[in-house]
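Data block below; observations after.
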Amino acid sequence: MEEHIGKVWNNFLRKKTDRAFSSKEILFDEKSRALKIFYHLMGGQKAQELHVTDKRLVSRSRTLLEKISGFGSAFYLSWQDERALYLPASIAYFDDKELNQTTYFWLTAMAAVFHTTRGSYVQRNLQASKQLVERYSGFAVFYEKAVRRSIEQRQDMRDLHDKELLFIDSLKLETIDSNCRYSIDDIYPFGLWIYPPIGKTTLLDEEEDEEEPQRAPDSLDKTETLEMKKQSNQMDDKKESDGLLMFLPDSLMSILEQVNVDRSEDDSFDEDALYNAQDLDEITLGRKKANLSARIKMDLDVQNNQSEQYPVGDGHFIDEWDYKKETYLKNYVRIRPIVDINIEEIDLPKRLKKAAKRVQNEFDFMQLDRLKSSNLDSGDDINLYSYLEFKSHQNRSLHPNRFYESFYKKSRDVATLMLADISLSTEAGITQELRIIDVIKDSLMLFCEALQRLDDKFAIYAFSSLKNSNVRFHIIKNFKQPYSSKIRAQIDNIKPGYYTRLGAAIRESSKILKKQPHNNKLLLIISDGKPNDVDRYDGRYGIEDTKKAILEAKKLGITPFCVTVDTEAKEYLPYLFGRGGYTLIRDGKKLPKALPQIYINLTKQ
Amino acid sequence: MNHNYYLQQSNEIELFEAAASMRLPILIKGPTGCGKTRFIESMGERLNLKVYTVVCHDDLSAADLVGRHLIDESGTYWQDGPLSKAVREGGICYLDEIIEARKDTTVVLHSLADYRRVLPIDRTGELIEAHPDFMLVVSYNPGYQNILKGMKPSTKQRFISLSFTYPTPENEQEIVINESGVDESVAKKLIAIATDIRQLQDSDIQEAVSTRLLVYAAKLISRGFDPYQACMHSIVGSLSDDDELLEVLERLIVLHFPKTES
Ligand SMILES: Nc1ncnc2c1ncn2[C@@H]1O[C@H](COP(=O)(O)OP(=O)(O)OP(=O)(O)O)[C@@H](O)[C@H]1O
Ligand SMILES: [Mg+2]
């Protein structure tokens with residue numbers, strides 16, 4: 001009998017085992033974006049990420065549970081900390097797809113309102129549930145059904161254990177207060193609830209959790225350096241590697257993919273493969289006290305072994321803003337301009353031909369709003385109004401005899417500098433075949449084709465950085481160069497670099513734009529993430545420096561505008577660029593076509 | 001009697017009256033469908049002034065505002081535009097979406113919008129002094145993204161400015177009920193839906209649900225339309241074309257109004 005309960009329960013909440021309702025399973029991956037939007041809809045923090053949760057050991061109940069079930073006591077329960085909400089990778093609690101799916105949305109909503117609740121975790125869960133049930137009649141129907149089904153599923157087990165009774169009792173929303181005597185550890189884990197962060201050794205840490213954890217400043221991270229070769233196994237400490245890898249930055253992810261490390265199954269890295277990966281020198285492992293969100297940073301050796309990348313001079317120095325000291329660090333950053341030489345000129349790739357044609361057609365159409373000049377001595381058409389003016393004037397001899405009009409194409413008074421972020425993270429894939437960098441390259445080419453047609457002045461630069469000493473500023477096309485197959489080759493030859501010292505790149509771009517004689521100056525930034533570098537240029541420091549650089553640009557009369565393909569709607573974008581100063585392209589594949597459109601909208605007269 | 005129902009959001013009625021008595025022009029900023037036009041219509045009635053509305057667009061020429069010569073059988077004659085008419089006879093000239101107009105069109109406003117209060121008409125050589133009851137009101141939606149547009153500071157700084165946002169939930173509920181006649185429980189749900197969706201602005205959608213859309217949905221419902229369907233067609237449909245976003249919005253509607261098949 002006890003074994004029976006255990007089986008049902010493990011099936012109820014365990015991943016990777018045979019589930020009773022696996023045919024009705026809903027996967028997190030399929031719903032993640034919808035869940036994220038839903039989280040915002042429910043009032044959740046925009047910067048919060050959504051991830052899959054690792055399993056947790058339910059330690060206090062462990063012995064008891066083990067007695068009941070004969071299994072271990074690991075569960076995939078939802079929880080959140082200051083940076084993310086963690087949900088099960090799949091849900092198949094019920095014999096009903098719609099119910100399982102709604103469970104995801106329910107959990108997301110619970111997490112979003114959780115900060116308004118007080119008391120023990122049991123009370124907080126009940127309060128949150130109550131809020132949702134009262135506010136959304138749809139959730140009331142769901143909750144009633146989900147609870148009833150859960151209890152029915154339990155009752156298959158004939159005599160109920162004490163804990164089961166407690167469980168059923170604890171689901172009654174009318175009894176929030178009397179339920180405060182229960183600790184969340186006393187009650188069997190329940191799939192519709194939010195649990196304390198997984199890093200806690202016990203589920204019962206209620207006093208501590210009354211307040212939402214404060215976001216610890218990044219500088220408090222303890223960072224230790226370790227040599228890959230000798231200590232790589234240290235990365236696989238008490239916690240399982242799939243959980244750890246969940247927090248890897250994209251940049252490392254892509255390297256790991258390159259070297260075929262299987263991140264979800266293996267317990268440890270494929271050491272050799274990783275070690276053999278060129279350019280990999282050192283890995284730094286940072287970790288916060290309370291949560292397990294370890295971050296791995298990599299320092300990559302800059303080996304300038306690509307002979308075609310040609311540094312133009314030794315570079316020059318520019319300032320950086322240190323928000324802590326509230327001062328500029330004079331000549332702190334070295335900009336190294338680079339051009340690619342010895343590369344073969346290329347035609348517009350076939351895959352872009354159709355799109356280019358379409359964009360150009362659209363742009364041709366735009367030229368229809370040419371400028372009209374009236375009151376000409378001679379011209380293409382008679383302007384009826386001028387003629388009427390003429391006719392209606394008593395003293396015609398004084399009225400100018402000019403009532404023709406002509407259309408002409410006015411060159412637009414805009415200079416645009418396109419600044420592309422080509423940090424390592426652009427190596428990450430959008431789809432299996434397509435990396436962000438590919439999309440950026442396609443976008444640049446289409447953009448050129450389009451602007452070419454408009455006769456607008458533009459330049460293209462790309463950048464990546466490796467600490468303040470090395471901000472690589474690639475000249476793809478300057479304002480003087482005409483667009484040609486050489487420029488296409490430059491674009492085609494772009495390769496992902498290192499990090500994103502965005503502030504420096506913006507300052508350098510502003511300097512160039514400032515020199516242009518046009519009245520309207522647009523700095524169009526394409527980026528796939530937030531400012532960061534391996535040194536302190538990360539988190540707040542990087543954001544504040546970038547913000548400063550943007551303000552400086554605005555003071556120079558430049559309009560900065562950011563187009564980002566970062567799928568997370570980051571909260572730093574409005575802060576950096578202001579409302580209306582950026583666009584998020586959610587589907588990276590759409591960037592090439594969106595970019596000319598964005599440009600048009602920004603410069604429409 | 002008041003034909004145009006308008007529910008005050010903060011102190012805009014008093015401000016408008018004060019500006020009117022001091023003959024100062026007004027600039028109204030606010031997102032689409034938040035009640036700007038309705039406000040001006042109602043102020044026109046309140047102050048007993050005729051409202052001349054001109055919706056600006058990039059083809060709008062100064063002549064469209066000021067007037068032009070026309071022909072009839074006896075020859076040519078001068079026809080005042082809406083602006084000149086209001087300037088001569090008194091009334092509110094309301095230029096909606098002023099940003100859409102070209103800059104050379106809006107310069108005709110300069111001399112009207114400061115202490116001079118005169119309108120020069122180049123074509124006839126006339127200089128019209130504004131009627132004491134003439135009032136200039138312009139509006140625009142600041143969510144707009146365009147570097148070549150945007151108002152010149154010299155134009156902007158001639159106005160008293162009023163910022164509109166969507167009404168508070170209590171006010172919005174009252175407006176929706178008043179405009180459509182739906183019952184309170186339905187109105188509450190519509191407002192709850194709007195409040196949630198507005199949280200997506202800036203991150204997931206461009207423009208949030210306007211009061212106008214809520215009124216549309218409520219009107220459909222009070223005419224006996226199924227609430228789920230009414231919301232899908234008025235609120236959800238117009239917000240986005242993105243499938244995942246639509247899925248989430250639909251889910252939100254279903255949380256309030258049970259789904260029915262169309
Ligand atoms: N304060 C209010 N009192 C009464 N009705 C209101 C109020 N605010 C909004 N409404 C309702 O919202 C509808 C839309 O308002 P209105 O047409 O004035 O919007 P708008 O701000 O002019 O929008 P747009 O910028 O698109 O022209 C009105 O028809 C009215 O039903
Ligand atoms: Mg209007």
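FYI, nothing fancy with the structure tokens labels: chains A, B, ... in order, residues from 1 per chain, ligands from 1 as they appear.
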With only C-alpha atoms considered, list every residue of chain B at most 10 Å from chain A, as a PDB file with C-alpha atoms, in the first residue's frame.
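Resulting contents of selection.pdb:
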ATOM      1  CA  ASP B  58       1.814  65.448 -44.058  1.00  0.00           C
ATOM      2  CA  ASP B  59       0.016  66.781 -47.093  1.00  0.00           C
ATOM      3  CA  ALA B  63      -3.622  76.987 -47.468  1.00  0.00           C
ATOM      4  CA  ARG B  68      -7.396  79.854 -50.694  1.00  0.00           C
ATOM      5  CA  HIS B  69      -8.859  81.428 -53.776  1.00  0.00           C
ATOM      6  CA  LEU B  70     -11.635  79.524 -55.502  1.00  0.00           C
ATOM      7  CA  ILE B  71     -13.511  80.090 -58.746  1.00  0.00           C
ATOM      8  CA  GLY B  75     -14.639  84.922 -61.142  1.00  0.00           C
ATOM      9  CA  THR B  76     -12.396  84.112 -58.235  1.00  0.00           C
ATOM     10  CA  TYR B  77     -13.103  84.627 -54.584  1.00  0.00           C
ATOM     11  CA  TRP B  78     -11.346  84.014 -51.304  1.00  0.00           C
ATOM     12  CA  GLU B 100       1.924  64.964 -38.603  1.00  0.00           C
ATOM     13  CA  ALA B 101       1.846  68.386 -40.217  1.00  0.00           C
ATOM     14  CA  ARG B 102       4.968  69.665 -41.894  1.00  0.00           C
ATOM     15  CA  LYS B 103       6.950  72.287 -40.078  1.00  0.00           C
ATOM     16  CA  ARG B 123      -2.208  85.578 -50.349  1.00  0.00           C
ATOM     17  CA  THR B 124      -4.557  88.437 -49.675  1.00  0.00           C
ATOM     18  CA  PRO B 142       4.169  61.554 -27.764  1.00  0.00           C
ATOM     19  CA  GLY B 143       4.706  57.847 -28.322  1.00  0.00           C
ATOM     20  CA  TYR B 144       5.740  58.705 -31.820  1.00  0.00           C
ATOM     21  CA  GLN B 145       9.216  57.762 -33.010  1.00  0.00           C
ATOM     22  CA  ASN B 146      10.678  59.992 -35.617  1.00  0.00           C
ATOM     23  CA  ILE B 147      13.824  62.036 -35.588  1.00  0.00           C
ATOM     24  CA  LEU B 148      12.864  64.432 -38.322  1.00  0.00           C
ATOM     25  CA  LYS B 149       9.539  65.161 -36.759  1.00  0.00           C
ATOM     26  CA  LYS B 189     -13.996  43.066 -15.932  1.00  0.00           C
ATOM     27  CA  ALA B 192      -9.393  44.745 -15.209  1.00  0.00           C
ATOM     28  CA  ILE B 193      -8.476  43.411 -18.650  1.00  0.00           C
ATOM     29  CA  ALA B 194      -7.266  46.822 -19.766  1.00  0.00           C
ATOM     30  CA  THR B 195      -5.264  47.372 -16.598  1.00  0.00           C
ATOM     31  CA  ASP B 196      -3.441  44.105 -17.130  1.00  0.00           C
ATOM     32  CA  ILE B 197      -2.796  44.696 -20.800  1.00  0.00           C
ATOM     33  CA  ARG B 198      -1.453  48.180 -20.180  1.00  0.00           C
ATOM     34  CA  GLN B 199       1.356  46.582 -18.194  1.00  0.00           C
ATOM     35  CA  LEU B 200       2.661  45.143 -21.445  1.00  0.00           C
ATOM     36  CA  GLN B 201       3.318  48.517 -22.925  1.00  0.00           C
ATOM     37  CA  ASP B 202       6.930  49.313 -23.729  1.00  0.00           C
ATOM     38  CA  SER B 203       7.933  45.701 -23.495  1.00  0.00           C
ATOM     39  CA  ASP B 204       5.519  43.577 -25.465  1.00  0.00           C
ATOM     40  CA  ILE B 205       3.157  45.886 -27.300  1.00  0.00           C
ATOM     41  CA  GLN B 206       3.415  49.320 -28.843  1.00  0.00           C
ATOM     42  CA  ASP B 242       1.871  38.360 -33.132  1.00  0.00           C
ATOM     43  CA  ASP B 243       0.420  34.889 -32.562  1.00  0.00           C
ATOM     44  CA  GLU B 244       1.943  34.236 -29.193  1.00  0.00           C
ATOM     45  CA  LEU B 245       0.886  37.589 -27.885  1.00  0.00           C
ATOM     46  CA  LEU B 246      -2.615  36.996 -29.201  1.00  0.00           C
ATOM     47  CA  GLU B 247      -2.681  33.640 -27.465  1.00  0.00           C
ATOM     48  CA  VAL B 248      -1.808  35.241 -24.164  1.00  0.00           C
ATOM     49  CA  LEU B 249      -4.328  38.026 -24.615  1.00  0.00           C
ATOM     50  CA  ARG B 251      -6.110  33.619 -22.303  1.00  0.00           C
ATOM     51  CA  LEU B 252      -6.569  36.797 -20.329  1.00  0.00           C
ATOM     52  CA  ILE B 253     -10.001  37.386 -21.842  1.00  0.00           C
ATOM     53  CA  VAL B 254     -11.000  33.807 -21.029  1.00  0.00           C
ATOM     54  CA  LEU B 255      -9.995  34.380 -17.419  1.00  0.00           C
ATOM     55  CA  HIS B 256     -12.815  36.925 -17.297  1.00  0.00           C
ATOM     56  CA  PHE B 257     -15.342  35.858 -19.896  1.00  0.00           C
ATOM     57  CA  PRO B 258     -15.813  32.151 -20.651  1.00  0.00           C
ATOM     58  CA  LYS B 259     -14.956  31.186 -24.176  1.00  0.00           C
TER      59      LYS B 259
END
7 Å from ligand 2 is the threshold here; counting only C-alpha atoms and all ligand atoms, which polymer residues fall inside it? Answer as a PDB file with all heavy atoms, in the first residue's frame.
ATOM      1  N   GLY B  33      -7.019  57.575 -28.140  1.00  0.00           N
ATOM      2  CA  GLY B  33      -8.256  57.107 -27.514  1.00  0.00           C
ATOM      3  C   GLY B  33      -8.362  57.334 -26.023  1.00  0.00           C
ATOM      4  O   GLY B  33      -9.053  56.606 -25.323  1.00  0.00           O
ATOM      5  N   LYS B  36      -8.965  62.917 -25.647  1.00  0.00           N
ATOM      6  CA  LYS B  36      -8.541  64.273 -25.991  1.00  0.00           C
ATOM      7  C   LYS B  36      -9.623  64.996 -26.791  1.00  0.00           C
ATOM      8  O   LYS B  36     -10.039  66.102 -26.451  1.00  0.00           O
ATOM      9  CB  LYS B  36      -7.240  64.228 -26.799  1.00  0.00           C
ATOM     10  CG  LYS B  36      -6.086  63.584 -26.077  1.00  0.00           C
ATOM     11  CD  LYS B  36      -4.781  63.673 -26.866  1.00  0.00           C
ATOM     12  CE  LYS B  36      -4.769  62.861 -28.149  1.00  0.00           C
ATOM     13  NZ  LYS B  36      -4.671  61.408 -27.947  1.00  0.00           N
ATOM     14  N   THR B  37     -10.076  64.336 -27.867  1.00  0.00           N
ATOM     15  CA  THR B  37     -11.075  64.968 -28.727  1.00  0.00           C
ATOM     16  C   THR B  37     -12.358  65.221 -27.943  1.00  0.00           C
ATOM     17  O   THR B  37     -12.938  66.305 -28.005  1.00  0.00           O
ATOM     18  CB  THR B  37     -11.363  64.063 -29.936  1.00  0.00           C
ATOM     19  OG1 THR B  37     -10.133  63.822 -30.602  1.00  0.00           O
ATOM     20  CG2 THR B  37     -12.334  64.712 -30.880  1.00  0.00           C
ATOM     21  N   ASP B  96      -5.540  68.442 -34.507  1.00  0.00           N
ATOM     22  CA  ASP B  96      -5.286  67.107 -33.971  1.00  0.00           C
ATOM     23  C   ASP B  96      -4.024  66.545 -34.622  1.00  0.00           C
ATOM     24  O   ASP B  96      -3.790  66.777 -35.807  1.00  0.00           O
ATOM     25  CB  ASP B  96      -6.500  66.231 -34.312  1.00  0.00           C
ATOM     26  CG  ASP B  96      -6.646  65.080 -33.355  1.00  0.00           C
ATOM     27  OD1 ASP B  96      -5.756  64.882 -32.525  1.00  0.00           O
ATOM     28  OD2 ASP B  96      -7.669  64.378 -33.441  1.00  0.00           O
TER      29      ASP B  96
END
Contacts of chain B with ligand 1 up to 9 Å, shortest pair per row, only C-alpha atoms and all ligand atoms, as CSV:
residue,atom,partner,partner_atom_place_in_ligand_line,distance
B:Asn4,CA,ligand 1,4 (C),7.9
B:Tyr5,CA,ligand 1,4 (C),5.4
B:Tyr6,CA,ligand 1,3 (N),3.5
B:Leu7,CA,ligand 1,3 (N),3.9
B:Gln8,CA,ligand 1,1 (N),5.4
B:Gln9,CA,ligand 1,1 (N),6.0
B:Lys29,CA,ligand 1,21 (O),8.7
B:Gly30,CA,ligand 1,21 (O),6.5
B:Pro31,CA,ligand 1,25 (O),5.9
B:Thr32,CA,ligand 1,25 (O),3.5
B:Gly33,CA,ligand 1,23 (O),3.3
B:Cys34,CA,ligand 1,21 (O),4.0
B:Gly35,CA,ligand 1,18 (O),3.1
B:Lys36,CA,ligand 1,21 (O),3.6
B:Thr37,CA,ligand 1,18 (O),3.5
B:Arg38,CA,ligand 1,18 (O),3.7
B:Phe39,CA,ligand 1,18 (O),6.2
B:Ile40,CA,ligand 1,18 (O),7.9
B:Glu41,CA,ligand 1,18 (O),8.4
B:Val55,CA,ligand 1,27 (O),8.8
B:Asp96,CA,ligand 1,27 (O),7.0
B:Glu97,CA,ligand 1,25 (O),7.2
B:Ser139,CA,ligand 1,25 (O),7.9
B:Tyr140,CA,ligand 1,25 (O),7.0
B:Asn141,CA,ligand 1,25 (O),6.5
B:Phe164,CA,ligand 1,21 (O),8.0
B:Thr165,CA,ligand 1,21 (O),8.9
B:Tyr166,CA,ligand 1,8 (N),7.3
B:Pro167,CA,ligand 1,1 (N),6.7
B:Asn171,CA,ligand 1,1 (N),7.5
B:Glu172,CA,ligand 1,8 (N),7.3
B:Glu174,CA,ligand 1,4 (C),8.5
B:Ile175,CA,ligand 1,4 (C),5.2
B:Val176,CA,ligand 1,31 (O),7.2
B:Asn178,CA,ligand 1,4 (C),8.0
B:Glu179,CA,ligand 1,31 (O),5.8
B:Ser180,CA,ligand 1,31 (O),8.4
B:Ser210,CA,ligand 1,12 (O),7.4
B:Thr211,CA,ligand 1,12 (O),4.7
B:Arg212,CA,ligand 1,13 (C),3.9
B:Leu213,CA,ligand 1,12 (O),7.7
B:Leu214,CA,ligand 1,12 (O),8.0
B:Val215,CA,ligand 1,31 (O),5.9
B:Tyr216,CA,ligand 1,31 (O),8.3
Nearest to Leu27 (chain B) by atom-to-atom distance, counting only C-alpha atoms, from B:Ala86, B:Ile160, B:Ala217, B:Ile121: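 Between B:Ala86, B:Ile160, B:Ala217, B:Ile121, the residue approaching Leu27 (chain B) most closely is B:Ile160.
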| request: Would you kindly return, as a PyMOL selection string, each protein, DNA or RNA residue with an atom no farther than 8 Å from any atom of region 317-324 of chain A, considering only C-alpha atoms and excluding same-chain residues fewer than 2 positions away? | output: chain A and resi 315+326-335+503-504+541+544-545+548
For the residues in the current selection, export all heavy atoms as a tab-separated table (two decimals), in the first residue's frame.
chain	number	residue	atom	x	y	z
A	315	GLY	N	45.69	52.70	-32.25
A	315	GLY	CA	44.45	53.05	-31.59
A	315	GLY	C	44.60	54.32	-30.79
A	315	GLY	O	45.67	54.94	-30.77
A	326	GLU	N	31.36	58.90	-9.78
A	326	GLU	CA	30.73	60.02	-10.48
A	326	GLU	C	31.75	60.88	-11.20
A	326	GLU	O	31.76	62.10	-11.07
A	326	GLU	CB	29.93	60.88	-9.50
A	326	GLU	CG	28.71	60.14	-8.99
A	326	GLU	CD	27.61	61.09	-8.56
A	326	GLU	OE1	27.74	62.29	-8.82
A	326	GLU	OE2	26.64	60.60	-7.99
A	327	THR	N	32.60	60.22	-11.92
A	327	THR	CA	33.60	60.98	-12.65
A	327	THR	C	34.02	60.20	-13.90
A	327	THR	O	33.82	59.00	-13.98
A	327	THR	CB	34.83	61.24	-11.75
A	327	THR	OG1	35.89	61.66	-12.58
A	327	THR	CG2	35.28	59.98	-11.04
A	328	TYR	N	34.60	60.93	-14.84
A	328	TYR	CA	35.12	60.24	-16.01
A	328	TYR	C	36.51	59.70	-15.70
A	328	TYR	O	37.32	60.38	-15.06
A	328	TYR	CB	35.23	61.22	-17.18
A	328	TYR	CG	33.91	61.49	-17.85
A	328	TYR	CD1	33.23	62.66	-17.59
A	328	TYR	CD2	33.35	60.56	-18.73
A	328	TYR	CE1	32.01	62.92	-18.20
A	328	TYR	CE2	32.13	60.81	-19.34
A	328	TYR	CZ	31.46	61.99	-19.07
A	328	TYR	OH	30.26	62.24	-19.67
A	329	LEU	N	36.77	58.50	-16.13
A	329	LEU	CA	38.12	57.98	-16.06
A	329	LEU	C	38.79	58.41	-17.37
A	329	LEU	O	38.44	57.94	-18.44
A	329	LEU	CB	38.10	56.45	-15.95
A	329	LEU	CG	37.25	55.90	-14.81
A	329	LEU	CD1	37.19	54.39	-14.86
A	329	LEU	CD2	37.79	56.38	-13.47
A	330	LYS	N	39.71	59.32	-17.23
A	330	LYS	CA	40.29	59.94	-18.42
A	330	LYS	C	41.11	58.94	-19.23
A	330	LYS	O	41.90	58.19	-18.66
A	330	LYS	CB	41.18	61.12	-18.02
A	330	LYS	CG	40.39	62.34	-17.59
A	330	LYS	CD	39.81	63.04	-18.82
A	330	LYS	CE	38.80	64.10	-18.38
A	330	LYS	NZ	37.82	64.39	-19.42
A	331	ASN	N	40.93	58.96	-20.51
A	331	ASN	CA	41.71	58.10	-21.41
A	331	ASN	C	41.83	56.67	-20.92
A	331	ASN	O	42.89	56.07	-20.93
A	331	ASN	CB	43.11	58.68	-21.60
A	331	ASN	CG	43.04	59.98	-22.34
A	331	ASN	OD1	42.14	60.19	-23.16
A	331	ASN	ND2	43.96	60.88	-22.07
A	332	TYR	N	40.75	56.17	-20.46
A	332	TYR	CA	40.77	54.86	-19.82
A	332	TYR	C	40.60	53.71	-20.82
A	332	TYR	O	41.00	52.60	-20.60
A	332	TYR	CB	39.65	54.83	-18.78
A	332	TYR	CG	39.54	53.55	-17.99
A	332	TYR	CD1	40.52	53.19	-17.07
A	332	TYR	CD2	38.46	52.70	-18.18
A	332	TYR	CE1	40.43	52.02	-16.35
A	332	TYR	CE2	38.35	51.52	-17.46
A	332	TYR	CZ	39.34	51.19	-16.55
A	332	TYR	OH	39.23	50.03	-15.85
A	333	VAL	N	39.98	54.03	-21.93
A	333	VAL	CA	39.64	52.97	-22.88
A	333	VAL	C	40.42	53.14	-24.17
A	333	VAL	O	40.50	54.24	-24.71
A	333	VAL	CB	38.13	53.01	-23.20
A	333	VAL	CG1	37.77	51.92	-24.20
A	333	VAL	CG2	37.32	52.85	-21.93
A	334	ARG	N	40.96	52.04	-24.64
A	334	ARG	CA	41.67	52.12	-25.91
A	334	ARG	C	40.78	51.60	-27.04
A	334	ARG	O	40.32	50.47	-27.02
A	334	ARG	CB	42.97	51.34	-25.90
A	334	ARG	CG	43.68	51.48	-27.26
A	334	ARG	CD	45.11	51.13	-27.18
A	334	ARG	NE	45.25	49.70	-26.95
A	334	ARG	CZ	46.20	48.95	-27.53
A	334	ARG	NH1	47.07	49.51	-28.32
A	334	ARG	NH2	46.28	47.68	-27.28
A	335	ILE	N	40.56	52.47	-28.03
A	335	ILE	CA	39.80	52.09	-29.22
A	335	ILE	C	40.80	51.65	-30.29
A	335	ILE	O	41.76	52.37	-30.57
A	335	ILE	CB	39.02	53.29	-29.78
A	335	ILE	CG1	38.07	53.86	-28.72
A	335	ILE	CG2	38.28	52.90	-31.05
A	335	ILE	CD1	36.80	53.12	-28.56
A	503	GLY	N	29.33	51.56	-24.20
A	503	GLY	CA	29.55	52.99	-23.98
A	503	GLY	C	30.69	53.51	-24.84
A	503	GLY	O	30.57	54.54	-25.51
A	504	ALA	N	31.80	52.78	-24.86
A	504	ALA	CA	32.96	53.20	-25.64
A	504	ALA	C	32.61	53.27	-27.12
A	504	ALA	O	32.96	54.23	-27.81
A	504	ALA	CB	34.11	52.23	-25.42
A	541	TYR	N	27.57	49.07	-13.65
A	541	TYR	CA	28.67	49.89	-14.18
A	541	TYR	C	28.55	50.09	-15.69
A	541	TYR	O	28.60	51.20	-16.20
A	541	TYR	CB	30.02	49.23	-13.84
A	541	TYR	CG	31.22	50.04	-14.24
A	541	TYR	CD1	31.82	50.90	-13.34
A	541	TYR	CD2	31.74	49.95	-15.53
A	541	TYR	CE1	32.92	51.67	-13.70
A	541	TYR	CE2	32.84	50.71	-15.90
A	541	TYR	CZ	33.43	51.57	-14.98
A	541	TYR	OH	34.51	52.32	-15.36
A	544	GLU	N	25.41	52.19	-16.61
A	544	GLU	CA	25.53	53.63	-16.34
A	544	GLU	C	26.49	54.30	-17.32
A	544	GLU	O	26.25	55.42	-17.75
A	544	GLU	CB	26.01	53.86	-14.90
A	544	GLU	CG	25.05	53.37	-13.83
A	544	GLU	CD	23.76	54.19	-13.73
A	544	GLU	OE1	23.68	55.26	-14.36
A	544	GLU	OE2	22.83	53.75	-13.01
A	545	ASP	N	27.56	53.60	-17.67
A	545	ASP	CA	28.49	54.20	-18.64
A	545	ASP	C	27.80	54.36	-19.99
A	545	ASP	O	27.92	55.39	-20.65
A	545	ASP	CB	29.74	53.33	-18.80
A	545	ASP	CG	30.65	53.87	-19.90
A	545	ASP	OD1	31.06	55.03	-19.79
A	545	ASP	OD2	30.91	53.13	-20.88
A	548	LYS	N	25.41	57.21	-19.95
A	548	LYS	CA	26.15	58.47	-20.03
A	548	LYS	C	26.54	58.75	-21.48
A	548	LYS	O	26.39	59.87	-21.96
A	548	LYS	CB	27.41	58.36	-19.17
A	548	LYS	CG	27.98	59.69	-18.78
A	548	LYS	CD	27.20	60.28	-17.64
A	548	LYS	CE	27.74	61.66	-17.27
A	548	LYS	NZ	26.83	62.33	-16.32
*Work out how far CA of Asn100 (chain A) is from CA of Glu250 (chain B), in Å to one decimal.*
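Computing it gives 17.2 Å between the two atoms.
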From a DSSP pass on the backbone, collect the residues of region 430-478 of chain A flagged as helix (DSSP H, G or I) and hand them back as a list of chain:residue names.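 Of region 430-478 of chain A, only A:Ile436, A:Ile437, A:Asp438, A:Val439, A:Ile440, A:Lys441, A:Asp442, A:Ser443, A:Leu444, A:Met445, A:Leu446, A:Phe447, A:Cys448, A:Glu449, A:Ala450, A:Leu451, A:Gln452, A:Arg453, A:Leu454 fall in helix (DSSP H, G or I).
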Give me the residues near Met418 (chain A) as number ranges by chain, where near means some atom within 6 Å (using only C-alpha atoms) and where sequence neighbours in that chain fewer than 5 positions away do not count.
A: 460, 524-525
Store the residues picked out above in a file with N, CA, C and O atoms, as an mmCIF file, in the first residue's frame.
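Everything below was put into part-v7.cif:
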data_model
loop_
_atom_site.group_PDB
_atom_site.id
_atom_site.type_symbol
_atom_site.label_atom_id
_atom_site.label_comp_id
_atom_site.auth_asym_id
_atom_site.auth_seq_id
_atom_site.Cartn_x
_atom_site.Cartn_y
_atom_site.Cartn_z
ATOM 1 N N ILE A 460 28.925 52.322 -41.611
ATOM 2 C CA ILE A 460 28.695 51.140 -40.790
ATOM 3 C C ILE A 460 29.962 50.781 -40.013
ATOM 4 O O ILE A 460 31.052 50.711 -40.591
ATOM 5 N N LEU A 524 22.272 54.410 -35.162
ATOM 6 C CA LEU A 524 21.422 53.227 -35.104
ATOM 7 C C LEU A 524 22.262 52.072 -34.560
ATOM 8 O O LEU A 524 23.241 51.670 -35.186
ATOM 9 N N ILE A 525 21.872 51.580 -33.400
ATOM 10 C CA ILE A 525 22.665 50.529 -32.760
ATOM 11 C C ILE A 525 21.943 49.195 -32.882
ATOM 12 O O ILE A 525 20.766 49.106 -32.558
#
Neighbour list for Leu24 (chain B) as a short mmCIF file (atom, residue, chain, number, x, y, z; two decimals) with N, CA and C atoms, in the first residue's frame, cut-off 8 Å, only C-alpha atoms, skip fewer than 5 positions in-chain:
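Result went into out15.cif, see below:
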data_model
loop_
_atom_site.label_atom_id
_atom_site.label_comp_id
_atom_site.auth_asym_id
_atom_site.auth_seq_id
_atom_site.Cartn_x
_atom_site.Cartn_y
_atom_site.Cartn_z
N ALA B 19 -7.00 79.02 -19.07
CA ALA B 19 -6.26 79.35 -20.28
C ALA B 19 -7.16 80.12 -21.24
N ALA B 113 -0.03 82.21 -31.71
CA ALA B 113 0.12 81.53 -30.43
C ALA B 113 0.89 82.35 -29.41
N ASP B 114 1.30 83.55 -29.75
CA ASP B 114 1.90 84.36 -28.69
C ASP B 114 1.05 85.62 -28.46
N MET B 135 -9.54 80.53 -29.76
CA MET B 135 -8.65 79.75 -28.94
C MET B 135 -7.98 78.67 -29.78
N LEU B 136 -6.68 78.54 -29.61
CA LEU B 136 -5.94 77.55 -30.39
C LEU B 136 -5.61 76.35 -29.50
N PHE B 159 2.79 77.17 -25.76
CA PHE B 159 1.54 76.56 -25.30
C PHE B 159 1.53 76.24 -23.80
N ILE B 160 0.34 76.26 -23.24
CA ILE B 160 0.10 75.68 -21.92
C ILE B 160 -0.09 74.20 -22.18
#
